[in-house]
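Enquirer: This structure is in structure tokens; I'll ask about it shortly.
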Amino acid sequence: MTEFIFNDGGRELAGFKGYAGDCVCRAISIAANLPYMDVYAKLSDGNATQRRSKNTTKGARSARDGINTGRKWFKEYMISLGFTWTATMSIGSGCTTHLKSSELPSGRIICTVSKHWVAVIDGVINDTSDCSREETRCVYGYWVI
């Protein structure tokens with residue numbers, strides 16, 4: 001069974017309370033070992049400057065309710081932190097990698113799973129809950145540092 005450690009990435013220490021859809025910010029903060037507020041500020045700036053689409057509004061200066069991780073500015077930010085992307089799924093391939101330590105590389109990684117990002121450090125899930133779904137949750141890809 002994959003281990004789990006409760007870790008909010010420094011969110012509470014930064015003065016935030018309650019629930020937020022900030023899993024991207026928390027995962028980056030944990031995996032990159034960066035202060036939550038530094039990551040939050042960078043993601044908020046990126047959100048505020050991204051062009052408007054039918055699903056977003058320009059000027060949303062917050063990382064609280066999610067980040068569009070498909071944007072160019074976001075990918076450039078991850079690369080600037082030293083992360084590299086590895087896709088584990090392609091169209092029609094089905095699930096090949098699950099959120100379990102035996103199927104993931106060791107080190108500090110951020111896994112993208114359905115509607116969530118989670119930091120995994122040496123096979124241990126670091127998040128606010130065990131999101132592995134008893135090791136059946138499919139990993140779409142991961143950022144490794």
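In the structure tokens, each chain is lettered A, B, ... as it comes, each chain's residues begin at 1, and ligands are numbered from 1 in order of appearance.
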Which neighbours of stretch 74-78 of chain A fall inside 12 Å, counting only C-alpha atoms, when residues of the same chain fewer than 4 positions from it are skipped, and could you give them as a PyMOL selection string?
Expert: chain A and resi 24-25+27-29+31-32+39+42-47+49-50+63+67-70+82-85+109-110+142-145
Enquirer: So which bits of stretch 49-141 of chain A end up alpha helix (DSSP H) when you DSSP the backbone, as a PyMOL selection string?
Expert: chain A and resi 49+72-80
Enquirer: I'd like to know which of A:Asp22, A:Asp38, A:Glu134, A:Glu12 is closest to A:Val118, using only C-alpha atoms.
Expert: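 Distance minimum relative to A:Val118 lands on A:Asp22.
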Enquirer: Hey, can you check how far atom CA of A:Phe4 sits from atom CA of A:Val124?
Expert: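 Interatomic distance, atom CA of A:Phe4 to atom CA of A:Val124: 5.6 Å.
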Enquirer: Using only C-alpha atoms, find the one residue out of A:Asn33, A:Asn7, A:Thr96, A:Thr86 that sits nearest to A:Ile125.
Expert: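 The answer is A:Asn7, which sits nearest to A:Ile125.
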Enquirer: Residues of chain A in strand (DSSP E or B) according to DSSP, as an MDAnalysis selection string?
Expert: chainID A and resid 4:6 84:87 98 108:113 116:121 124:127 138 141:144
Enquirer: So what do you get for atom CA of A:Met37 versus atom CA of A:Tyr19, distance-wise?
Expert: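 Interatomic distance, atom CA of A:Met37 to atom CA of A:Tyr19: 16.3 Å.
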Enquirer: Residues near A:Cys111, anyone? I mean within 8 Å using only C-alpha atoms, not counting same-chain ones fewer than 3 positions away, as JSON, numbers by chain.
Expert: {"A": [99, 117, 118, 119, 120, 139, 140, 141, 142, 143]}
Enquirer: Find, counting only C-alpha atoms, the residue in A:Ala14, A:Thr2, A:His116, A:Gly21 that gets nearest to A:Ser102.
Expert: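 Ranking A:Ala14, A:Thr2, A:His116, A:Gly21 by distance to A:Ser102, first place goes to A:Thr2.
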